[in-house]
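The data block below is model31.cif; it holds mmCIF, C-alpha atoms and all ligand atoms.
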data_model
#
loop_
_atom_site.group_PDB
_atom_site.id
_atom_site.type_symbol
_atom_site.label_atom_id
_atom_site.label_comp_id
_atom_site.auth_asym_id
_atom_site.auth_seq_id
_atom_site.Cartn_x
_atom_site.Cartn_y
_atom_site.Cartn_z
ATOM 1 C CA MET A 13 -105.392 -171.409 73.182
ATOM 2 C CA ASP A 14 -107.060 -168.258 71.791
ATOM 3 C CA LYS A 15 -106.680 -168.578 68.010
ATOM 4 C CA ARG A 16 -107.317 -164.872 67.384
ATOM 5 C CA ALA A 17 -104.416 -164.023 69.702
ATOM 6 C CA VAL A 18 -102.139 -166.515 67.905
ATOM 7 C CA ALA A 19 -103.085 -165.008 64.516
ATOM 8 C CA GLU A 20 -102.514 -161.442 65.798
ATOM 9 C CA VAL A 21 -99.171 -162.175 67.434
ATOM 10 C CA PHE A 22 -97.809 -164.010 64.381
ATOM 11 C CA GLY A 23 -99.317 -161.426 62.054
ATOM 12 C CA ARG A 24 -97.353 -158.699 63.854
ATOM 13 C CA ALA A 25 -94.212 -160.863 63.886
ATOM 14 C CA ALA A 26 -94.287 -161.677 60.146
ATOM 15 C CA GLU A 27 -92.046 -158.789 59.062
ATOM 16 C CA HIS A 28 -89.190 -159.684 61.441
ATOM 17 C CA TYR A 29 -89.720 -163.432 61.498
ATOM 18 C CA ASP A 30 -87.164 -164.548 58.904
ATOM 19 C CA GLY A 31 -84.376 -162.505 60.513
ATOM 20 C CA ALA A 32 -84.920 -164.172 63.894
ATOM 21 C CA ALA A 33 -85.890 -167.726 62.993
ATOM 22 C CA HIS A 34 -82.489 -169.469 63.218
ATOM 23 C CA LEU A 35 -83.664 -172.381 65.380
ATOM 24 C CA GLN A 36 -86.875 -172.657 63.341
ATOM 25 C CA ARG A 37 -84.789 -172.965 60.144
ATOM 26 C CA ARG A 38 -82.655 -175.720 61.631
ATOM 27 C CA VAL A 39 -85.720 -177.682 62.762
ATOM 28 C CA ALA A 40 -87.487 -177.224 59.404
ATOM 29 C CA ASP A 41 -84.343 -178.377 57.558
ATOM 30 C CA GLN A 42 -84.203 -181.516 59.673
ATOM 31 C CA LEU A 43 -87.897 -182.257 59.091
ATOM 32 C CA LEU A 44 -87.532 -181.609 55.346
ATOM 33 C CA ALA A 45 -84.513 -183.954 55.176
ATOM 34 C CA GLN A 46 -86.637 -186.704 56.788
ATOM 35 C CA VAL A 47 -89.616 -185.983 54.526
ATOM 36 C CA SER A 48 -87.402 -186.004 51.415
ATOM 37 C CA GLU A 49 -86.510 -189.631 52.193
ATOM 38 C CA LEU A 50 -90.146 -190.765 52.044
ATOM 39 C CA PRO A 51 -90.915 -193.358 49.366
ATOM 40 C CA LEU A 52 -93.114 -190.914 47.409
ATOM 41 C CA ARG A 53 -91.697 -190.019 44.023
ATOM 42 C CA GLN A 54 -94.325 -187.404 43.272
ATOM 43 C CA ALA A 55 -97.375 -186.222 45.127
ATOM 44 C CA GLY A 56 -100.739 -184.936 43.945
ATOM 45 C CA HIS A 57 -101.535 -182.675 46.893
ATOM 46 C CA VAL A 58 -98.966 -181.452 49.439
ATOM 47 C CA VAL A 59 -100.011 -179.192 52.338
ATOM 48 C CA ASP A 60 -97.834 -177.078 54.633
ATOM 49 C CA LEU A 61 -99.816 -176.495 57.836
ATOM 50 C CA GLY A 62 -98.782 -173.323 59.705
ATOM 51 C CA THR A 63 -96.598 -172.351 56.771
ATOM 52 C CA GLY A 64 -95.509 -169.011 58.304
ATOM 53 C CA THR A 65 -93.363 -167.190 55.730
ATOM 54 C CA GLY A 66 -93.366 -170.384 53.631
ATOM 55 C CA TYR A 67 -89.818 -171.540 54.329
ATOM 56 C CA CYS A 68 -90.669 -175.224 53.651
ATOM 57 C CA LEU A 69 -92.526 -174.582 50.400
ATOM 58 C CA PRO A 70 -89.682 -174.440 47.814
ATOM 59 C CA THR A 71 -88.182 -177.738 49.069
ATOM 60 C CA LEU A 72 -91.574 -179.456 49.106
ATOM 61 C CA ASN A 73 -92.315 -178.134 45.619
ATOM 62 C CA GLN A 74 -88.978 -179.246 44.198
ATOM 63 C CA ARG A 75 -88.876 -182.636 45.856
ATOM 64 C CA PHE A 76 -92.471 -183.765 45.238
ATOM 65 C CA GLN A 77 -93.535 -181.621 42.252
ATOM 66 C CA PRO A 78 -97.144 -181.689 43.476
ATOM 67 C CA THR A 79 -100.062 -180.842 41.226
ATOM 68 C CA LEU A 80 -101.415 -178.809 44.147
ATOM 69 C CA LEU A 81 -99.310 -177.171 46.873
ATOM 70 C CA THR A 82 -101.348 -175.668 49.703
ATOM 71 C CA ALA A 83 -99.906 -173.208 52.229
ATOM 72 C CA LEU A 84 -102.174 -172.805 55.251
ATOM 73 C CA ASP A 85 -101.807 -170.351 58.135
ATOM 74 C CA LEU A 86 -103.979 -168.402 60.555
ATOM 75 C CA ALA A 87 -102.042 -165.166 60.011
ATOM 76 C CA GLU A 88 -102.662 -163.309 56.736
ATOM 77 C CA PRO A 89 -99.358 -161.298 56.884
ATOM 78 C CA MET A 90 -97.471 -164.606 57.030
ATOM 79 C CA LEU A 91 -99.345 -165.900 53.965
ATOM 80 C CA ALA A 92 -98.540 -162.674 52.106
ATOM 81 C CA LEU A 93 -94.822 -163.476 52.519
ATOM 82 C CA ALA A 94 -95.296 -167.194 51.740
ATOM 83 C CA ARG A 95 -96.903 -166.207 48.420
ATOM 84 C CA GLU A 96 -93.525 -164.895 47.205
ATOM 85 C CA ARG A 97 -91.736 -168.232 47.678
ATOM 86 C CA VAL A 98 -93.376 -170.430 45.044
ATOM 87 C CA GLU A 99 -95.447 -169.860 41.928
ATOM 88 C CA ARG A 100 -98.878 -171.503 41.683
ATOM 89 C CA LEU A 101 -99.578 -171.760 45.363
ATOM 90 C CA ASN A 102 -102.936 -172.461 46.971
ATOM 91 C CA LEU A 103 -103.059 -170.025 49.924
ATOM 92 C CA VAL A 104 -105.519 -170.817 52.692
ATOM 93 C CA GLN A 105 -106.091 -168.658 55.761
ATOM 94 C CA ALA A 106 -107.482 -171.158 58.255
ATOM 95 C CA ASP A 107 -106.988 -172.983 61.535
ATOM 96 C CA LEU A 108 -104.900 -176.109 61.070
ATOM 97 C CA GLU A 109 -107.074 -177.840 63.682
ATOM 98 C CA ASN A 110 -109.999 -177.506 61.326
ATOM 99 C CA PRO A 111 -108.470 -177.285 57.852
ATOM 100 C CA PRO A 112 -110.887 -176.802 54.934
ATOM 101 C CA LEU A 113 -109.533 -179.904 53.188
ATOM 102 C CA ALA A 114 -111.633 -182.760 51.846
ATOM 103 C CA ASP A 115 -111.337 -186.251 53.287
ATOM 104 C CA ASN A 116 -108.884 -188.529 51.441
ATOM 105 C CA SER A 117 -107.456 -185.597 49.470
ATOM 106 C CA VAL A 118 -103.861 -185.072 50.710
ATOM 107 C CA ASP A 119 -100.753 -187.129 49.854
ATOM 108 C CA LEU A 120 -98.439 -185.355 52.285
ATOM 109 C CA ALA A 121 -99.169 -182.935 55.144
ATOM 110 C CA VAL A 122 -96.132 -181.244 56.685
ATOM 111 C CA SER A 123 -96.048 -178.910 59.665
ATOM 112 C CA SER A 124 -92.902 -177.475 61.225
ATOM 113 C CA LEU A 125 -93.164 -175.852 64.646
ATOM 114 C CA ALA A 126 -96.815 -174.852 64.312
ATOM 115 C CA VAL A 127 -98.756 -177.406 66.371
ATOM 116 C CA GLN A 128 -97.284 -176.625 69.799
ATOM 117 C CA TRP A 129 -100.189 -174.278 70.616
ATOM 118 C CA LEU A 130 -102.889 -176.893 70.041
ATOM 119 C CA ASP A 131 -105.224 -177.705 72.911
ATOM 120 C CA ARG A 132 -106.201 -181.147 71.651
ATOM 121 C CA PRO A 133 -103.526 -183.014 69.679
ATOM 122 C CA GLU A 134 -105.792 -186.083 69.422
ATOM 123 C CA ALA A 135 -108.502 -184.075 67.589
ATOM 124 C CA PHE A 136 -105.879 -182.663 65.199
ATOM 125 C CA ILE A 137 -104.373 -186.094 64.472
ATOM 126 C CA ALA A 138 -107.841 -187.627 64.003
ATOM 127 C CA ARG A 139 -108.790 -184.848 61.555
ATOM 128 C CA LEU A 140 -105.546 -185.247 59.594
ATOM 129 C CA ALA A 141 -106.073 -189.005 59.457
ATOM 130 C CA LYS A 142 -109.335 -188.297 57.596
ATOM 131 C CA VAL A 143 -107.805 -185.711 55.261
ATOM 132 C CA LEU A 144 -104.893 -187.932 54.170
ATOM 133 C CA LYS A 145 -105.304 -190.276 51.230
ATOM 134 C CA PRO A 146 -104.721 -193.948 52.036
ATOM 135 C CA GLY A 147 -100.929 -194.332 51.990
ATOM 136 C CA GLY A 148 -100.479 -190.585 52.665
ATOM 137 C CA TYR A 149 -98.066 -189.154 55.218
ATOM 138 C CA LEU A 150 -98.194 -186.637 58.056
ATOM 139 C CA ALA A 151 -94.829 -185.151 59.111
ATOM 140 C CA LEU A 152 -94.528 -182.848 62.112
ATOM 141 C CA SER A 153 -91.954 -181.102 64.202
ATOM 142 C CA THR A 154 -93.057 -179.664 67.526
ATOM 143 C CA LEU A 155 -91.703 -178.553 70.900
ATOM 144 C CA GLY A 156 -91.524 -180.592 74.090
ATOM 145 C CA PRO A 157 -91.811 -179.592 77.753
ATOM 146 C CA GLU A 158 -88.101 -178.887 78.325
ATOM 147 C CA THR A 159 -88.220 -176.045 75.802
ATOM 148 C CA LEU A 160 -86.983 -172.755 77.335
ATOM 149 C CA ARG A 161 -86.528 -174.405 80.737
ATOM 150 C CA GLU A 162 -83.933 -171.764 81.737
ATOM 151 C CA LEU A 163 -86.408 -168.949 81.010
ATOM 152 C CA ARG A 164 -89.188 -170.733 82.892
ATOM 153 C CA GLN A 165 -86.902 -171.259 85.876
ATOM 154 C CA ALA A 166 -85.672 -167.656 85.877
ATOM 155 C CA TRP A 167 -89.283 -166.425 85.941
ATOM 156 C CA THR A 168 -90.134 -168.641 88.946
ATOM 157 C CA GLN A 169 -87.652 -166.577 90.949
ATOM 158 C CA VAL A 170 -89.665 -163.428 90.203
ATOM 159 C CA ASP A 171 -93.354 -164.363 90.451
ATOM 160 C CA GLN A 172 -95.754 -167.282 90.235
ATOM 161 C CA GLU A 173 -97.312 -166.371 86.882
ATOM 162 C CA VAL A 174 -97.087 -168.389 83.678
ATOM 163 C CA HIS A 175 -94.643 -166.555 81.392
ATOM 164 C CA VAL A 176 -93.508 -169.379 79.140
ATOM 165 C CA ASN A 177 -95.861 -171.613 77.162
ATOM 166 C CA ARG A 178 -96.269 -175.153 78.423
ATOM 167 C CA PHE A 179 -95.535 -177.729 75.745
ATOM 168 C CA MET A 180 -97.012 -181.215 75.554
ATOM 169 C CA PRO A 181 -94.920 -184.235 76.509
ATOM 170 C CA ALA A 182 -93.994 -186.871 73.934
ATOM 171 C CA SER A 183 -96.497 -189.264 75.558
ATOM 172 C CA ASP A 184 -99.456 -186.996 74.591
ATOM 173 C CA TRP A 185 -98.426 -187.077 70.920
ATOM 174 C CA GLN A 186 -97.768 -190.804 71.015
ATOM 175 C CA ALA A 187 -101.159 -191.453 72.674
ATOM 176 C CA ALA A 188 -102.914 -189.285 70.064
ATOM 177 C CA LEU A 189 -101.252 -191.303 67.296
ATOM 178 C CA ALA A 190 -102.009 -194.623 68.955
ATOM 179 C CA ALA A 191 -105.705 -193.646 69.149
ATOM 180 C CA SER A 192 -105.756 -192.810 65.415
ATOM 181 C CA PRO A 193 -105.616 -195.069 62.357
ATOM 182 C CA LEU A 194 -102.166 -193.672 61.505
ATOM 183 C CA THR A 195 -98.999 -195.753 61.867
ATOM 184 C CA LEU A 196 -95.954 -194.056 63.335
ATOM 185 C CA THR A 197 -93.003 -194.543 60.968
ATOM 186 C CA LEU A 198 -90.491 -192.155 62.572
ATOM 187 C CA TRP A 199 -90.101 -190.623 66.022
ATOM 188 C CA GLN A 200 -87.071 -188.542 66.941
ATOM 189 C CA ALA A 201 -86.394 -186.282 69.910
ATOM 190 C CA GLU A 202 -83.466 -183.913 70.210
ATOM 191 C CA GLN A 203 -82.479 -181.115 72.553
ATOM 192 C CA LEU A 204 -80.849 -178.139 70.884
ATOM 193 C CA GLU A 205 -79.077 -175.383 72.780
ATOM 194 C CA VAL A 206 -78.878 -171.862 71.408
ATOM 195 C CA ARG A 207 -76.538 -169.368 73.120
ATOM 196 C CA TYR A 208 -77.077 -165.639 73.474
ATOM 197 C CA ASP A 209 -74.738 -162.809 74.442
ATOM 198 C CA ALA A 210 -77.309 -161.658 77.020
ATOM 199 C CA PRO A 211 -80.616 -163.010 78.362
ATOM 200 C CA LEU A 212 -82.323 -159.924 76.901
ATOM 201 C CA ALA A 213 -81.264 -161.050 73.411
ATOM 202 C CA LEU A 214 -83.336 -164.235 73.882
ATOM 203 C CA VAL A 215 -86.368 -162.254 75.096
ATOM 204 C CA ARG A 216 -86.091 -159.944 72.063
ATOM 205 C CA GLU A 217 -85.749 -162.875 69.665
ATOM 206 C CA LEU A 218 -88.845 -164.574 71.074
ATOM 207 C CA LYS A 219 -90.764 -161.343 70.588
ATOM 208 C CA ALA A 220 -89.557 -161.007 66.982
ATOM 209 C CA LEU A 221 -90.705 -164.584 66.343
ATOM 210 C CA GLY A 222 -94.137 -164.094 67.888
ATOM 211 C CA ALA A 223 -93.233 -167.017 70.138
ATOM 212 C CA HIS A 224 -93.610 -165.014 73.358
ATOM 213 C CA HIS A 225 -97.368 -165.524 73.356
ATOM 214 C CA VAL A 226 -98.507 -167.363 76.481
ATOM 215 C CA GLU A 227 -101.829 -168.898 77.412
ATOM 216 C CA ARG A 228 -102.397 -167.394 80.798
ATOM 217 C CA GLN A 229 -100.448 -164.387 81.834
ATOM 218 C CA ARG A 230 -102.396 -162.709 84.597
ATOM 219 C CA THR A 231 -100.055 -159.864 85.521
ATOM 220 C CA PRO A 232 -98.192 -157.669 83.086
ATOM 221 C CA MET A 233 -94.491 -158.306 83.261
ATOM 222 C CA VAL A 234 -93.534 -154.622 83.256
ATOM 223 C CA GLY A 235 -91.047 -154.115 86.138
ATOM 224 C CA HIS A 236 -90.544 -157.876 86.424
ATOM 225 C CA LEU A 237 -88.300 -158.208 83.410
ATOM 226 C CA ARG A 238 -85.149 -156.863 85.023
ATOM 227 C CA PRO A 239 -85.196 -159.264 88.021
ATOM 228 C CA MET A 240 -85.917 -162.147 85.657
ATOM 229 C CA LEU A 241 -82.931 -161.201 83.480
ATOM 230 C CA ARG A 242 -80.764 -161.102 86.628
ATOM 231 C CA ALA A 243 -82.034 -164.551 87.657
ATOM 232 C CA TYR A 244 -81.230 -165.851 84.145
ATOM 233 C CA GLU A 245 -77.585 -164.829 84.626
ATOM 234 C CA GLU A 246 -77.032 -167.872 86.864
ATOM 235 C CA PHE A 247 -77.130 -170.058 83.724
ATOM 236 C CA VAL A 248 -74.063 -168.356 82.251
ATOM 237 C CA CYS A 249 -71.805 -170.789 80.325
ATOM 238 C CA ALA A 250 -68.009 -170.988 80.412
ATOM 239 C CA ASP A 251 -67.890 -168.858 77.235
ATOM 240 C CA GLY A 252 -69.763 -166.038 79.016
ATOM 241 C CA ARG A 253 -72.915 -166.610 76.951
ATOM 242 C CA TYR A 254 -76.411 -167.685 78.021
ATOM 243 C CA PRO A 255 -78.090 -170.930 76.907
ATOM 244 C CA ALA A 256 -81.678 -171.591 75.876
ATOM 245 C CA THR A 257 -82.839 -175.184 75.503
ATOM 246 C CA TRP A 258 -85.197 -176.219 72.711
ATOM 247 C CA ASP A 259 -86.733 -179.668 73.131
ATOM 248 C CA VAL A 260 -87.794 -180.804 69.667
ATOM 249 C CA PHE A 261 -89.873 -183.789 68.553
ATOM 250 C CA TYR A 262 -90.084 -184.991 64.960
ATOM 251 C CA LEU A 263 -92.680 -187.512 63.889
ATOM 252 C CA ILE A 264 -93.851 -189.059 60.654
ATOM 253 C CA ALA A 265 -97.007 -191.169 60.454
ATOM 254 C CA ARG A 266 -98.692 -192.946 57.576
ATOM 255 C CA LYS A 267 -102.324 -193.697 56.803
ATOM 256 C CA PRO A 268 -102.663 -197.389 55.943
ATOM 257 C CA LEU A 269 -103.491 -198.268 52.334
HETATM 258 C C1 LIG A 301 -93.059 -170.755 64.455
HETATM 259 S S1 LIG A 301 -93.959 -170.405 62.976
HETATM 260 C C2 LIG A 301 -93.364 -171.683 61.898
HETATM 261 C C3 LIG A 301 -93.561 -171.352 60.461
HETATM 262 C C4 LIG A 301 -92.996 -172.335 59.431
HETATM 263 N N1 LIG A 301 -93.650 -173.638 59.512
HETATM 264 C C5 LIG A 301 -91.487 -172.469 59.574
HETATM 265 O O1 LIG A 301 -91.012 -173.566 59.888
HETATM 266 O O2 LIG A 301 -90.790 -171.467 59.360
HETATM 267 C C6 LIG A 301 -95.602 -170.954 63.392
HETATM 268 C C7 LIG A 301 -96.681 -170.576 62.375
HETATM 269 O O3 LIG A 301 -97.848 -171.347 62.688
HETATM 270 C C8 LIG A 301 -98.996 -170.538 62.561
HETATM 271 N N2 LIG A 301 -100.037 -171.118 63.421
HETATM 272 C C9 LIG A 301 -100.037 -171.281 64.763
HETATM 273 N N3 LIG A 301 -101.167 -171.894 65.171
HETATM 274 C C10 LIG A 301 -101.894 -172.119 64.034
HETATM 275 C C11 LIG A 301 -103.173 -172.715 63.791
HETATM 276 N N4 LIG A 301 -103.923 -173.204 64.779
HETATM 277 N N5 LIG A 301 -103.619 -172.791 62.509
HETATM 278 C C12 LIG A 301 -102.872 -172.296 61.467
HETATM 279 N N6 LIG A 301 -101.666 -171.716 61.648
HETATM 280 C C13 LIG A 301 -101.175 -171.629 62.907
HETATM 281 C C14 LIG A 301 -98.533 -169.142 62.981
HETATM 282 O O4 LIG A 301 -99.353 -168.126 62.476
HETATM 283 C C15 LIG A 301 -97.100 -169.110 62.402
HETATM 284 O O5 LIG A 301 -97.083 -168.573 61.109
#
What does this structure look like when you write it as structure tokens?
Ligand SMILES: C[S@@+](CC[C@H](N)C(=O)[O-])C[C@H]1O[C@@H](n2cnc3c(N)ncnc32)[C@H](O)[C@@H]1O
Amino acid sequence: MDKRAVAEVFGRAAEHYDGAAHLQRRVADQLLAQVSELPLRQAGHVVDLGTGTGYCLPTLNQRFQPTLLTALDLAEPMLALARERVERLNLVQADLENPPLADNSVDLAVSSLAVQWLDRPEAFIARLAKVLKPGGYLALSTLGPETLRELRQAWTQVDQEVHVNRFMPASDWQAALAASPLTLTLWQAEQLEVRYDAPLALVRELKALGAHHVERQRTPMVGHLRPMLRAYEEFVCADGRYPATWDVFYLIARKPL
């Protein structure tokens, strides 16, 4: 995945992100509830990888009262908004695949819905395993392959291009963890359905979120949108609304003492 493109798309989306991020809030809340149960009373260094507008930061700050709270993101406009959430924040504009964090320096690394664009989950997990202190935790939420299946299917009726990101299966994450020194302490998968008054409302929301970015889109979709929206209408629910599936994985792993 082209990191500059990810940074640009999310940078442009920053202003509208919080108004559109309903599903993202729900997923972050679930991850934060799981993280809050961890047997860590306080933490020295807590990191939020792909912090976006910093939604997770106040909860992490309150729950763990860290001496250092780091918010890391590729997109500077996102970090500018995150800065407003918590006082005394360490802001880092960087790639979470190669975070400028010292080995054995982090008690807790959290990342909600930011690792689904990674090319090599095993390299990311291996790097985080180094960065964590012995006994430290990594907690992630990410998207699975069934995410936006209705949208993907509607596009196949229009052309053969890739219009919806492909998301890694659970087995890729589990293999990456198994190849690392980390021990999986929690794995949860859930499918959430969000309903929209019209398929166009979903397309607009994805754009507002910056989540419409795709790896390989060879033809512009101008002129193709209308037939896709018509194809999407076949998914209409009994209440006259249109569903979008989000396939979400949550995982927590620990570095052995
Ligand atoms: C969907 S938002 C989620 C933001 C936040 N974690 C939340 O739950 O609201 C994804 C964020 O990850 C960031 N991101 C994506 N890939 C990244 C990477 N390789 N390194 C750092 N940040 C990344 C984007 O810029 C964006 O701010």
Inset, instruction - Any chance you could resolve the PyMOL selection byres (((not hetatm)) within 8 of (chain A and resi 301)) against this file and give the residues as an NGL selection string? - result: :A and (15 or 18-19 or 21-23 or 26 or 30 or 33 or 36-37 or 39-40 or 60-68 or 84-87 or 90-91 or 105-109 or 123-130 or 221-223)
Inset, instruction - May I ask which of the residues A:His34, A:Arg178, A:His28, A:Arg132 is the closest one to Thr159 in chain A, counting all atoms listed in the file? - result: A:Arg178
Inset, instruction - Please write the residues picked by the PyMOL selection byres (((chain A and resi 53) around 9) and not hetatm) on this file as an MDAnalysis selection string. - result: chainID A and resid 50:52 54:55 75:77
Could you give me, as a short mmCIF file (atom, residue, chain, number, x, y, z; two decimals) with C-alpha atoms, in the frame of the given file, the residues that sit within 8 Å of (-107.8, -172.4, 53.0) in the file's coordinates, counting all atoms listed in the file?
data_model
loop_
_atom_site.label_atom_id
_atom_site.label_comp_id
_atom_site.auth_asym_id
_atom_site.auth_seq_id
_atom_site.Cartn_x
_atom_site.Cartn_y
_atom_site.Cartn_z
CA THR A 82 -101.35 -175.67 49.70
CA ALA A 83 -99.91 -173.21 52.23
CA LEU A 84 -102.17 -172.80 55.25
CA ASN A 102 -102.94 -172.46 46.97
CA LEU A 103 -103.06 -170.02 49.92
CA VAL A 104 -105.52 -170.82 52.69
CA GLN A 105 -106.09 -168.66 55.76
CA ALA A 106 -107.48 -171.16 58.26
CA PRO A 111 -108.47 -177.28 57.85
CA PRO A 112 -110.89 -176.80 54.93
CA LEU A 113 -109.53 -179.90 53.19
#
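Across A:Pro157, A:Pro181, A:Gly235, A:Pro78, the tightest approach to Trp258 in chain A is made by A:Pro157 when counting all atoms listed in the file.
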Legend entry - Residues near Val122 in chain A, cut-off 6 Å, all atoms listed in the file, skip fewer than 6 positions along chain, as a ChimeraX atom specification: /A:60,150-152
Legend entry - Among the residues A:Val176, A:Leu196, A:Leu69, A:Leu163, the one that comes closest to Tyr262 in chain A [using all atoms listed in the file]: A:Leu196
Inset, instruction - Tell me which protein, DNA and RNA residues are within 10 Å of Leu241 in chain A, counting all atoms listed in the file, leaving out same-chain ones fewer than 6 positions away, and put them as a PyMOL selection string. - result: chain A and resi 163+166-167+170+210-212+215
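Counting only C-alpha atoms, the residue from A:Ala17, A:Ala25, A:Ala45, A:Leu204 that sits nearest to Ile264 in chain A is A:Ala45.
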Inset, instruction - Give me, please, the distance in Å between CA of Arg24 in chain A and CA of Lys219 in chain A, quoted to one decimal. - result: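 Result for CA of Arg24 in chain A versus CA of Lys219 in chain A: 9.8 Å, one decimal.
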Legend entry - Interatomic distance (Å, one decimal) between CA of Leu80 in chain A and CA of Arg100 in chain A: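 Taking CA of Leu80 in chain A as the start and CA of Arg100 in chain A as the end point, the length is 8.1 Å.
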The PyMOL selection byres (((chain A and resi 118) around 6) and not hetatm) resolved against shown file, as a tab-separated table (two decimals) with C-alpha atoms, in the frame of the given file:
chain	number	residue	atom	x	y	z
A	57	HIS	CA	-101.54	-182.68	46.89
A	117	SER	CA	-107.46	-185.60	49.47
A	119	ASP	CA	-100.75	-187.13	49.85
A	120	LEU	CA	-98.44	-185.36	52.28
A	144	LEU	CA	-104.89	-187.93	54.17
A	145	LYS	CA	-105.30	-190.28	51.23
Legend entry - Exercise: Leu263 in chain A partners within 10 Å, all atoms listed in the file, chain neighbours under 6 positions left out, as a ChimeraX atom specification: /A:43,46-47,150-154,185-186,189,196-201
Legend entry - Contacts of Ala135 in chain A within 10 Å, all atoms listed in the file, excl. fewer than 5 positions in-chain, as a ChimeraX atom specification: /A:109-110,130,140-141,188,192
